Amino acid sequence: MLSVREITSNDVELLLDYWYSRSEYQLNIMGADIKRMQPRSIFKANLESQLIQNYKEKQNFACIWLDNNIPIGHNNLNNIYFGNHAVMHFHIWNSKKRNSGLGHRLLQLSIPIFFKLFELDKIICEPYALNPAPNKTMKKLGFKFDKKYNTIPGTINFEQEVNRWILKKEELKLKNWT
């Protein structure tokens, strides 16, 4: 059984373990640069600070993805502009669980939560153009392709070509994700 819940203090080490156990090659596939990774202690402090902020203050927010109540990944927002838009990311921690359709089904559970909690008009997702799995998932979920362009999408990323996908609130209402 798949489920989604907000990150808790008990999840912080799991999320950190995911990022800090990746090899340089694994990070590179995701568009991340190991040299840009913050020290683990700083990343931990940032995660813990988001736990105590109210939704209108949060710049970052994460949901934990569970399979039979076992955490298997996370889905997060950053660059949150409450009542407007946010940028979404998602990761399945165990490589054996990837490319199985789990990410698609878990996104169907977490995306409505994001729209509701942050009163968003749209969610933007900008996966690395050379990483086919998240791009395929965005299309399958009904996100609309906006453009392909070069950018540095986040603090841990190198400059790269990304595909910008957008899902608007009115399009979400047409989905039957239950």
# chains A, B, ... in the order shown; residues from 1 in each chain; ligands from 1
call {"tool": "residues_around", "arguments": {"residues": "Ile152 of chain A", "least_positions_apart": "2", "cutoff": "10 Å", "atoms": "only C-alpha atoms", "output": "VMD selection string"}}
result
chain A and resid 31 to 32 150 154 to 162
call {"tool": "residues_around", "arguments": {"residues": "segment 119-125 of chain A", "least_positions_apart": "5", "cutoff": "8 Å", "atoms": "only C-alpha atoms", "output": "PyMOL selection string"}}
result
chain A and resi 81-89+114+138+163-170
call {"tool": "write_last_selection", "arguments": {"atoms": "C-alpha atoms", "output": "tab-separated table (two decimals), in the first residue's frame"}}
result
chain	number	residue	atom	x	y	z
A	81	TYR	CA	5.69	31.35	-3.42
A	82	PHE	CA	2.64	30.76	-1.24
A	83	GLY	CA	-0.59	31.24	-3.20
A	84	ASN	CA	1.27	31.22	-6.50
A	85	HIS	CA	3.77	28.54	-7.50
A	86	ALA	CA	6.59	26.24	-6.38
A	87	VAL	CA	9.22	24.02	-7.95
A	88	MET	CA	8.91	20.27	-7.39
A	89	HIS	CA	11.51	17.48	-7.16
A	114	PHE	CA	1.13	20.55	-2.33
A	138	MET	CA	5.88	14.44	-15.95
A	163	ASN	CA	12.86	20.51	-19.44
A	164	ARG	CA	10.31	22.76	-17.76
A	165	TRP	CA	6.99	21.05	-17.07
A	166	ILE	CA	3.99	22.85	-15.56
A	167	LEU	CA	0.78	21.63	-13.95
A	168	LYS	CA	-1.85	24.29	-13.25
A	169	LYS	CA	-4.44	24.03	-10.49
A	170	GLU	CA	-7.32	23.99	-12.95
call {"tool": "atom_distance", "arguments": {"atom1": "atom CA of Lys35 of chain A", "atom2": "atom CA of Val12 of chain A"}}
result
21.5 Å
call {"tool": "select_by_dssp", "arguments": {"residues": "chain A", "states": "strand (DSSP E)", "output": "PyMOL selection string"}}
result
chain A and resi 2-6+60-67+70-81+85-92+122-125+144-151+160-168
call {"tool": "write_last_selection", "arguments": {"atoms": "N, CA and C atoms", "output": "compact mmCIF listing (two decimals), in the first residue's frame"}}
result
# COMPACT_ATOMS: atom_id res chain seq x y z
N LEU A 2 0.62 2.14 -0.89
CA LEU A 2 1.39 3.37 -1.00
C LEU A 2 0.73 4.48 -0.22
N SER A 3 1.56 5.31 0.40
CA SER A 3 1.04 6.47 1.13
C SER A 3 2.10 7.57 1.14
N VAL A 4 1.65 8.75 1.53
CA VAL A 4 2.49 9.94 1.57
C VAL A 4 2.20 10.67 2.86
N ARG A 5 3.25 11.20 3.48
CA ARG A 5 3.06 12.04 4.67
C ARG A 5 4.15 13.11 4.70
N GLU A 6 3.87 14.14 5.48
CA GLU A 6 4.86 15.20 5.65
C GLU A 6 6.10 14.64 6.33
N ASN A 60 10.90 25.63 1.55
CA ASN A 60 11.12 24.23 1.20
C ASN A 60 10.15 23.37 2.00
N PHE A 61 9.74 22.28 1.40
CA PHE A 61 8.80 21.39 2.05
C PHE A 61 8.97 20.00 1.45
N ALA A 62 8.91 18.98 2.28
CA ALA A 62 9.08 17.62 1.77
C ALA A 62 8.00 16.68 2.29
N CYS A 63 7.59 15.78 1.43
CA CYS A 63 6.75 14.65 1.79
C CYS A 63 7.60 13.40 1.69
N ILE A 64 7.33 12.46 2.55
CA ILE A 64 8.00 11.17 2.51
C ILE A 64 7.06 10.18 1.82
N TRP A 65 7.62 9.42 0.92
CA TRP A 65 6.86 8.40 0.20
C TRP A 65 7.05 7.06 0.91
N LEU A 66 5.94 6.37 1.11
CA LEU A 66 5.97 5.09 1.83
C LEU A 66 5.34 3.97 1.00
N ASP A 67 5.94 2.80 1.12
CA ASP A 67 5.39 1.58 0.53
C ASP A 67 5.22 0.61 1.70
N ILE A 70 6.88 1.78 4.86
CA ILE A 70 8.34 1.86 4.86
C ILE A 70 8.75 3.01 3.95
N PRO A 71 9.51 3.98 4.45
CA PRO A 71 9.94 5.11 3.62
C PRO A 71 10.80 4.62 2.44
N ILE A 72 10.41 5.06 1.23
CA ILE A 72 11.15 4.65 0.03
C ILE A 72 11.62 5.84 -0.81
N GLY A 73 11.22 7.05 -0.42
CA GLY A 73 11.62 8.21 -1.21
C GLY A 73 11.03 9.48 -0.65
N HIS A 74 11.25 10.55 -1.41
CA HIS A 74 10.67 11.83 -1.00
C HIS A 74 10.31 12.65 -2.22
N ASN A 75 9.44 13.58 -1.98
CA ASN A 75 8.95 14.51 -2.98
C ASN A 75 8.97 15.87 -2.31
N ASN A 76 9.64 16.83 -2.92
CA ASN A 76 9.75 18.11 -2.23
C ASN A 76 9.46 19.30 -3.13
N LEU A 77 9.17 20.38 -2.48
CA LEU A 77 9.01 21.68 -3.14
C LEU A 77 10.10 22.59 -2.64
N ASN A 78 10.58 23.45 -3.52
CA ASN A 78 11.41 24.57 -3.09
C ASN A 78 10.99 25.79 -3.89
N ASN A 79 11.62 26.91 -3.59
CA ASN A 79 11.21 28.17 -4.23
C ASN A 79 9.69 28.32 -4.16
N ILE A 80 9.16 28.15 -2.95
CA ILE A 80 7.72 28.22 -2.74
C ILE A 80 7.29 29.68 -2.65
N TYR A 81 6.34 30.04 -3.48
CA TYR A 81 5.69 31.35 -3.42
C TYR A 81 4.24 31.07 -3.07
N HIS A 85 3.14 29.71 -6.89
CA HIS A 85 3.77 28.54 -7.50
C HIS A 85 4.94 28.03 -6.65
N ALA A 86 5.42 26.85 -7.02
CA ALA A 86 6.59 26.24 -6.38
C ALA A 86 7.23 25.30 -7.39
N VAL A 87 8.48 24.94 -7.09
CA VAL A 87 9.22 24.02 -7.95
C VAL A 87 9.31 22.67 -7.23
N MET A 88 9.00 21.60 -7.97
CA MET A 88 8.91 20.27 -7.39
C MET A 88 10.08 19.38 -7.84
N HIS A 89 10.49 18.50 -6.92
CA HIS A 89 11.51 17.48 -7.16
C HIS A 89 11.03 16.18 -6.54
N PHE A 90 11.53 15.05 -7.04
CA PHE A 90 11.14 13.77 -6.45
C PHE A 90 12.24 12.74 -6.65
N HIS A 91 12.35 11.85 -5.64
CA HIS A 91 13.41 10.86 -5.64
C HIS A 91 12.94 9.57 -4.97
N ILE A 92 13.16 8.46 -5.65
CA ILE A 92 12.97 7.15 -5.03
C ILE A 92 14.35 6.70 -4.59
N LYS A 122 0.13 26.82 -9.61
CA LYS A 122 0.82 25.89 -10.49
C LYS A 122 2.05 25.31 -9.80
N ILE A 123 2.43 24.14 -10.28
CA ILE A 123 3.66 23.49 -9.85
C ILE A 123 4.55 23.34 -11.08
N ILE A 124 5.80 23.68 -10.90
CA ILE A 124 6.79 23.58 -11.96
C ILE A 124 7.75 22.46 -11.60
N CYS A 125 8.12 21.67 -12.58
CA CYS A 125 9.14 20.64 -12.38
C CYS A 125 10.13 20.77 -13.53
N LYS A 144 2.30 19.92 -18.57
CA LYS A 144 2.49 20.45 -19.92
C LYS A 144 3.95 20.88 -20.10
N PHE A 145 4.53 20.45 -21.21
CA PHE A 145 5.90 20.86 -21.52
C PHE A 145 5.89 22.34 -21.86
N ASP A 146 6.75 23.10 -21.21
CA ASP A 146 6.83 24.54 -21.45
C ASP A 146 8.02 24.89 -22.33
N LYS A 147 9.22 24.46 -21.91
CA LYS A 147 10.40 24.77 -22.70
C LYS A 147 11.59 23.98 -22.21
N LYS A 148 12.61 23.94 -23.05
CA LYS A 148 13.90 23.35 -22.72
C LYS A 148 14.89 24.50 -22.70
N TYR A 149 15.70 24.58 -21.65
CA TYR A 149 16.68 25.67 -21.57
C TYR A 149 17.82 25.31 -20.64
N ASN A 150 18.89 26.08 -20.71
CA ASN A 150 20.05 25.88 -19.84
C ASN A 150 19.92 26.74 -18.60
N THR A 151 20.25 26.14 -17.45
CA THR A 151 20.19 26.86 -16.18
C THR A 151 20.99 26.08 -15.14
N GLN A 160 23.05 23.01 -16.71
CA GLN A 160 22.52 21.90 -17.50
C GLN A 160 21.29 22.32 -18.28
N GLU A 161 20.96 21.49 -19.24
CA GLU A 161 19.73 21.67 -19.98
C GLU A 161 18.61 20.97 -19.21
N VAL A 162 17.53 21.68 -18.94
CA VAL A 162 16.38 21.13 -18.24
C VAL A 162 15.14 21.24 -19.12
N ASN A 163 14.18 20.41 -18.82
CA ASN A 163 12.86 20.51 -19.44
C ASN A 163 11.92 21.07 -18.38
N ARG A 164 11.28 22.18 -18.70
CA ARG A 164 10.31 22.76 -17.76
C ARG A 164 8.93 22.20 -18.06
N TRP A 165 8.34 21.60 -17.03
CA TRP A 165 6.99 21.05 -17.07
C TRP A 165 6.14 21.81 -16.07
N ILE A 166 4.88 22.08 -16.42
CA ILE A 166 3.99 22.85 -15.56
C ILE A 166 2.64 22.15 -15.44
N LEU A 167 2.14 22.10 -14.21
CA LEU A 167 0.78 21.63 -13.95
C LEU A 167 0.04 22.74 -13.24
N LYS A 168 -1.05 23.22 -13.84
CA LYS A 168 -1.85 24.29 -13.25
C LYS A 168 -2.98 23.69 -12.41
call {"tool": "atom_distance", "arguments": {"atom1": "atom CA of Ser110 of chain A", "atom2": "atom CA of Ile42 of chain A"}}
result
26.2 Å
call {"tool": "closest_residue", "arguments": {"among": "A:Leu47, A:Leu14, A:Met1, A:Ile34", "to": "Asn68 of chain A", "atoms": "only C-alpha atoms"}}
result
A:Met1
call {"tool": "closest_residue", "arguments": {"among": "A:Ala129, A:Lys96, A:Glu171, A:Leu141", "to": "Gln108 of chain A", "atoms": "only C-alpha atoms"}}
result
A:Leu141
call {"tool": "closest_residue", "arguments": {"among": "A:Arg105, A:Glu13, A:Ser21, A:Ile113", "to": "Ala45 of chain A", "atoms": "only C-alpha atoms"}}
result
A:Glu13
call {"tool": "closest_residue", "arguments": {"among": "A:Leu130, A:Ile111, A:Leu16, A:Ile7", "to": "Lys44 of chain A", "atoms": "only C-alpha atoms"}}
result
A:Leu16
call {"tool": "atom_distance", "arguments": {"atom1": "atom CA of Glu24 of chain A", "atom2": "atom CA of Arg36 of chain A"}}
result
11.1 Å
call {"tool": "residues_around", "arguments": {"residues": "segment 131-133 of chain A", "least_positions_apart": "4", "cutoff": "9 Å", "atoms": "only C-alpha atoms", "output": "ChimeraX atom specification"}}
result
/A:29-31,98-99,127,137-138
call {"tool": "closest_residue", "arguments": {"among": "A:Tyr25, A:His104, A:Leu109, A:Pro153", "to": "Asn135 of chain A", "atoms": "only C-alpha atoms"}}
result
A:His104
call {"tool": "select_by_dssp", "arguments": {"residues": "segment 18-177 of chain A", "states": "helix (DSSP H, G or I)", "output": "number ranges by chain"}}
result
A: 18-20, 24-29, 34-36, 40-52, 95-97, 102-118, 132-141, 169-172
call {"tool": "write_last_selection", "arguments": {"atoms": "C-alpha atoms", "output": "PDB file, in the first residue's frame"}}
result
ATOM      1  CA  TYR A  18      20.009   9.188   0.413  1.00  0.00           C
ATOM      2  CA  TRP A  19      21.943  12.266  -0.692  1.00  0.00           C
ATOM      3  CA  TYR A  20      25.214  11.567   1.060  1.00  0.00           C
ATOM      4  CA  GLU A  24      29.673  11.226  -7.931  1.00  0.00           C
ATOM      5  CA  TYR A  25      28.391   9.256 -10.938  1.00  0.00           C
ATOM      6  CA  GLN A  26      24.912   8.780  -9.396  1.00  0.00           C
ATOM      7  CA  LEU A  27      24.663  12.484  -8.559  1.00  0.00           C
ATOM      8  CA  ASN A  28      25.813  13.403 -12.050  1.00  0.00           C
ATOM      9  CA  ILE A  29      22.991  11.375 -13.640  1.00  0.00           C
ATOM     10  CA  ILE A  34      29.209  16.450  -5.589  1.00  0.00           C
ATOM     11  CA  LYS A  35      31.433  19.526  -5.205  1.00  0.00           C
ATOM     12  CA  ARG A  36      28.348  21.694  -4.636  1.00  0.00           C
ATOM     13  CA  ARG A  40      25.765  17.215   5.915  1.00  0.00           C
ATOM     14  CA  SER A  41      25.362  19.231   9.134  1.00  0.00           C
ATOM     15  CA  ILE A  42      24.187  22.321   7.214  1.00  0.00           C
ATOM     16  CA  PHE A  43      21.747  20.319   5.096  1.00  0.00           C
ATOM     17  CA  LYS A  44      20.426  18.711   8.297  1.00  0.00           C
ATOM     18  CA  ALA A  45      19.932  22.109   9.964  1.00  0.00           C
ATOM     19  CA  ASN A  46      18.069  23.366   6.879  1.00  0.00           C
ATOM     20  CA  LEU A  47      15.758  20.340   6.883  1.00  0.00           C
ATOM     21  CA  GLU A  48      15.073  20.662  10.595  1.00  0.00           C
ATOM     22  CA  SER A  49      14.305  24.376  10.290  1.00  0.00           C
ATOM     23  CA  GLN A  50      11.605  23.697   7.692  1.00  0.00           C
ATOM     24  CA  LEU A  51       9.842  21.393  10.154  1.00  0.00           C
ATOM     25  CA  ILE A  52       8.985  24.253  12.514  1.00  0.00           C
ATOM     26  CA  SER A  95      17.281   1.918  -7.178  1.00  0.00           C
ATOM     27  CA  LYS A  96      15.407  -1.424  -7.272  1.00  0.00           C
ATOM     28  CA  LYS A  97      12.117   0.461  -6.807  1.00  0.00           C
ATOM     29  CA  LEU A 102       5.769   3.836  -8.003  1.00  0.00           C
ATOM     30  CA  GLY A 103       6.919   7.419  -8.572  1.00  0.00           C
ATOM     31  CA  HIS A 104       3.940   8.106 -10.810  1.00  0.00           C
ATOM     32  CA  ARG A 105       1.466   6.743  -8.274  1.00  0.00           C
ATOM     33  CA  LEU A 106       3.120   8.495  -5.330  1.00  0.00           C
ATOM     34  CA  LEU A 107       3.162  11.818  -7.187  1.00  0.00           C
ATOM     35  CA  GLN A 108      -0.574  11.416  -7.684  1.00  0.00           C
ATOM     36  CA  LEU A 109      -0.861  11.307  -3.895  1.00  0.00           C
ATOM     37  CA  SER A 110       1.521  14.147  -3.044  1.00  0.00           C
ATOM     38  CA  ILE A 111       0.779  16.737  -5.747  1.00  0.00           C
ATOM     39  CA  PRO A 112      -2.764  17.449  -4.480  1.00  0.00           C
ATOM     40  CA  ILE A 113      -1.290  17.937  -0.981  1.00  0.00           C
ATOM     41  CA  PHE A 114       1.127  20.547  -2.335  1.00  0.00           C
ATOM     42  CA  PHE A 115      -1.622  22.460  -4.117  1.00  0.00           C
ATOM     43  CA  LYS A 116      -3.782  22.475  -1.002  1.00  0.00           C
ATOM     44  CA  LEU A 117      -1.211  23.290   1.691  1.00  0.00           C
ATOM     45  CA  PHE A 118       0.431  26.096  -0.264  1.00  0.00           C
ATOM     46  CA  PRO A 132      14.598  10.315 -19.073  1.00  0.00           C
ATOM     47  CA  ALA A 133      12.670   8.844 -16.116  1.00  0.00           C
ATOM     48  CA  PRO A 134      11.388  12.077 -14.497  1.00  0.00           C
ATOM     49  CA  ASN A 135      10.641  13.623 -17.888  1.00  0.00           C
ATOM     50  CA  LYS A 136       8.574  10.592 -18.873  1.00  0.00           C
ATOM     51  CA  THR A 137       6.748  10.752 -15.538  1.00  0.00           C
ATOM     52  CA  MET A 138       5.881  14.438 -15.953  1.00  0.00           C
ATOM     53  CA  LYS A 139       4.368  13.791 -19.367  1.00  0.00           C
ATOM     54  CA  LYS A 140       2.434  10.764 -18.110  1.00  0.00           C
ATOM     55  CA  LEU A 141       1.019  12.800 -15.201  1.00  0.00           C
ATOM     56  CA  LYS A 169      -4.439  24.030 -10.486  1.00  0.00           C
ATOM     57  CA  GLU A 170      -7.325  23.988 -12.949  1.00  0.00           C
ATOM     58  CA  GLU A 171      -5.707  21.039 -14.760  1.00  0.00           C
ATOM     59  CA  LEU A 172      -5.325  19.198 -11.458  1.00  0.00           C
TER      60      LEU A 172
END
call {"tool": "decode", "arguments": {"residues": "segment 88-174 of chain A", "atoms": "C-alpha atoms", "output": "PDB file, in the first residue's frame"}}
result
ATOM      1  CA  MET A  88       8.912  20.266  -7.393  1.00  0.00           C
ATOM      2  CA  HIS A  89      11.511  17.481  -7.162  1.00  0.00           C
ATOM      3  CA  PHE A  90      11.139  13.767  -6.450  1.00  0.00           C
ATOM      4  CA  HIS A  91      13.413  10.858  -5.636  1.00  0.00           C
ATOM      5  CA  ILE A  92      12.968   7.149  -5.033  1.00  0.00           C
ATOM      6  CA  TRP A  93      15.797   6.150  -2.720  1.00  0.00           C
ATOM      7  CA  ASN A  94      16.128   2.472  -3.592  1.00  0.00           C
ATOM      8  CA  SER A  95      17.281   1.918  -7.178  1.00  0.00           C
ATOM      9  CA  LYS A  96      15.407  -1.424  -7.272  1.00  0.00           C
ATOM     10  CA  LYS A  97      12.117   0.461  -6.807  1.00  0.00           C
ATOM     11  CA  ARG A  98      12.755   2.907  -9.678  1.00  0.00           C
ATOM     12  CA  ASN A  99      11.169   2.538 -13.118  1.00  0.00           C
ATOM     13  CA  SER A 100       8.329   0.526 -11.590  1.00  0.00           C
ATOM     14  CA  GLY A 101       5.517   3.089 -11.739  1.00  0.00           C
ATOM     15  CA  LEU A 102       5.769   3.836  -8.003  1.00  0.00           C
ATOM     16  CA  GLY A 103       6.919   7.419  -8.572  1.00  0.00           C
ATOM     17  CA  HIS A 104       3.940   8.106 -10.810  1.00  0.00           C
ATOM     18  CA  ARG A 105       1.466   6.743  -8.274  1.00  0.00           C
ATOM     19  CA  LEU A 106       3.120   8.495  -5.330  1.00  0.00           C
ATOM     20  CA  LEU A 107       3.162  11.818  -7.187  1.00  0.00           C
ATOM     21  CA  GLN A 108      -0.574  11.416  -7.684  1.00  0.00           C
ATOM     22  CA  LEU A 109      -0.861  11.307  -3.895  1.00  0.00           C
ATOM     23  CA  SER A 110       1.521  14.147  -3.044  1.00  0.00           C
ATOM     24  CA  ILE A 111       0.779  16.737  -5.747  1.00  0.00           C
ATOM     25  CA  PRO A 112      -2.764  17.449  -4.480  1.00  0.00           C
ATOM     26  CA  ILE A 113      -1.290  17.937  -0.981  1.00  0.00           C
ATOM     27  CA  PHE A 114       1.127  20.547  -2.335  1.00  0.00           C
ATOM     28  CA  PHE A 115      -1.622  22.460  -4.117  1.00  0.00           C
ATOM     29  CA  LYS A 116      -3.782  22.475  -1.002  1.00  0.00           C
ATOM     30  CA  LEU A 117      -1.211  23.290   1.691  1.00  0.00           C
ATOM     31  CA  PHE A 118       0.431  26.096  -0.264  1.00  0.00           C
ATOM     32  CA  GLU A 119      -2.666  27.307  -2.176  1.00  0.00           C
ATOM     33  CA  LEU A 120      -0.681  27.022  -5.404  1.00  0.00           C
ATOM     34  CA  ASP A 121      -1.831  28.047  -8.848  1.00  0.00           C
ATOM     35  CA  LYS A 122       0.821  25.888 -10.492  1.00  0.00           C
ATOM     36  CA  ILE A 123       3.662  23.486  -9.855  1.00  0.00           C
ATOM     37  CA  ILE A 124       6.792  23.582 -11.962  1.00  0.00           C
ATOM     38  CA  CYS A 125       9.137  20.643 -12.380  1.00  0.00           C
ATOM     39  CA  GLU A 126      12.446  21.057 -14.209  1.00  0.00           C
ATOM     40  CA  PRO A 127      14.230  17.713 -14.459  1.00  0.00           C
ATOM     41  CA  TYR A 128      17.608  17.328 -16.081  1.00  0.00           C
ATOM     42  CA  ALA A 129      16.904  16.924 -19.795  1.00  0.00           C
ATOM     43  CA  LEU A 130      19.283  13.929 -19.987  1.00  0.00           C
ATOM     44  CA  ASN A 131      17.460  12.041 -17.217  1.00  0.00           C
ATOM     45  CA  PRO A 132      14.598  10.315 -19.073  1.00  0.00           C
ATOM     46  CA  ALA A 133      12.670   8.844 -16.116  1.00  0.00           C
ATOM     47  CA  PRO A 134      11.388  12.077 -14.497  1.00  0.00           C
ATOM     48  CA  ASN A 135      10.641  13.623 -17.888  1.00  0.00           C
ATOM     49  CA  LYS A 136       8.574  10.592 -18.873  1.00  0.00           C
ATOM     50  CA  THR A 137       6.748  10.752 -15.538  1.00  0.00           C
ATOM     51  CA  MET A 138       5.881  14.438 -15.953  1.00  0.00           C
ATOM     52  CA  LYS A 139       4.368  13.791 -19.367  1.00  0.00           C
ATOM     53  CA  LYS A 140       2.434  10.764 -18.110  1.00  0.00           C
ATOM     54  CA  LEU A 141       1.019  12.800 -15.201  1.00  0.00           C
ATOM     55  CA  GLY A 142      -0.286  15.447 -17.582  1.00  0.00           C
ATOM     56  CA  PHE A 143       2.204  18.204 -16.875  1.00  0.00           C
ATOM     57  CA  LYS A 144       2.493  20.454 -19.919  1.00  0.00           C
ATOM     58  CA  PHE A 145       5.898  20.858 -21.517  1.00  0.00           C
ATOM     59  CA  ASP A 146       6.831  24.542 -21.446  1.00  0.00           C
ATOM     60  CA  LYS A 147      10.396  24.772 -22.701  1.00  0.00           C
ATOM     61  CA  LYS A 148      13.899  23.349 -22.721  1.00  0.00           C
ATOM     62  CA  TYR A 149      16.676  25.670 -21.574  1.00  0.00           C
ATOM     63  CA  ASN A 150      20.050  25.880 -19.839  1.00  0.00           C
ATOM     64  CA  THR A 151      20.187  26.856 -16.184  1.00  0.00           C
ATOM     65  CA  ILE A 152      21.635  25.961 -12.804  1.00  0.00           C
ATOM     66  CA  PRO A 153      18.390  24.638 -11.300  1.00  0.00           C
ATOM     67  CA  GLY A 154      19.519  24.390  -7.684  1.00  0.00           C
ATOM     68  CA  THR A 155      22.345  24.908  -5.258  1.00  0.00           C
ATOM     69  CA  ILE A 156      23.759  21.409  -5.818  1.00  0.00           C
ATOM     70  CA  ASN A 157      23.404  21.389  -9.597  1.00  0.00           C
ATOM     71  CA  PHE A 158      25.824  22.110 -12.393  1.00  0.00           C
ATOM     72  CA  GLU A 159      24.704  24.152 -15.397  1.00  0.00           C
ATOM     73  CA  GLN A 160      22.523  21.898 -17.505  1.00  0.00           C
ATOM     74  CA  GLU A 161      19.727  21.675 -19.978  1.00  0.00           C
ATOM     75  CA  VAL A 162      16.379  21.125 -18.240  1.00  0.00           C
ATOM     76  CA  ASN A 163      12.859  20.513 -19.436  1.00  0.00           C
ATOM     77  CA  ARG A 164      10.315  22.763 -17.758  1.00  0.00           C
ATOM     78  CA  TRP A 165       6.995  21.045 -17.074  1.00  0.00           C
ATOM     79  CA  ILE A 166       3.988  22.851 -15.556  1.00  0.00           C
ATOM     80  CA  LEU A 167       0.778  21.626 -13.952  1.00  0.00           C
ATOM     81  CA  LYS A 168      -1.855  24.285 -13.246  1.00  0.00           C
ATOM     82  CA  LYS A 169      -4.439  24.030 -10.486  1.00  0.00           C
ATOM     83  CA  GLU A 170      -7.325  23.988 -12.949  1.00  0.00           C
ATOM     84  CA  GLU A 171      -5.707  21.039 -14.760  1.00  0.00           C
ATOM     85  CA  LEU A 172      -5.325  19.198 -11.458  1.00  0.00           C
ATOM     86  CA  LYS A 173      -9.056  19.499 -10.874  1.00  0.00           C
ATOM     87  CA  LEU A 174      -9.608  17.514 -14.086  1.00  0.00           C
TER      88      LEU A 174
END
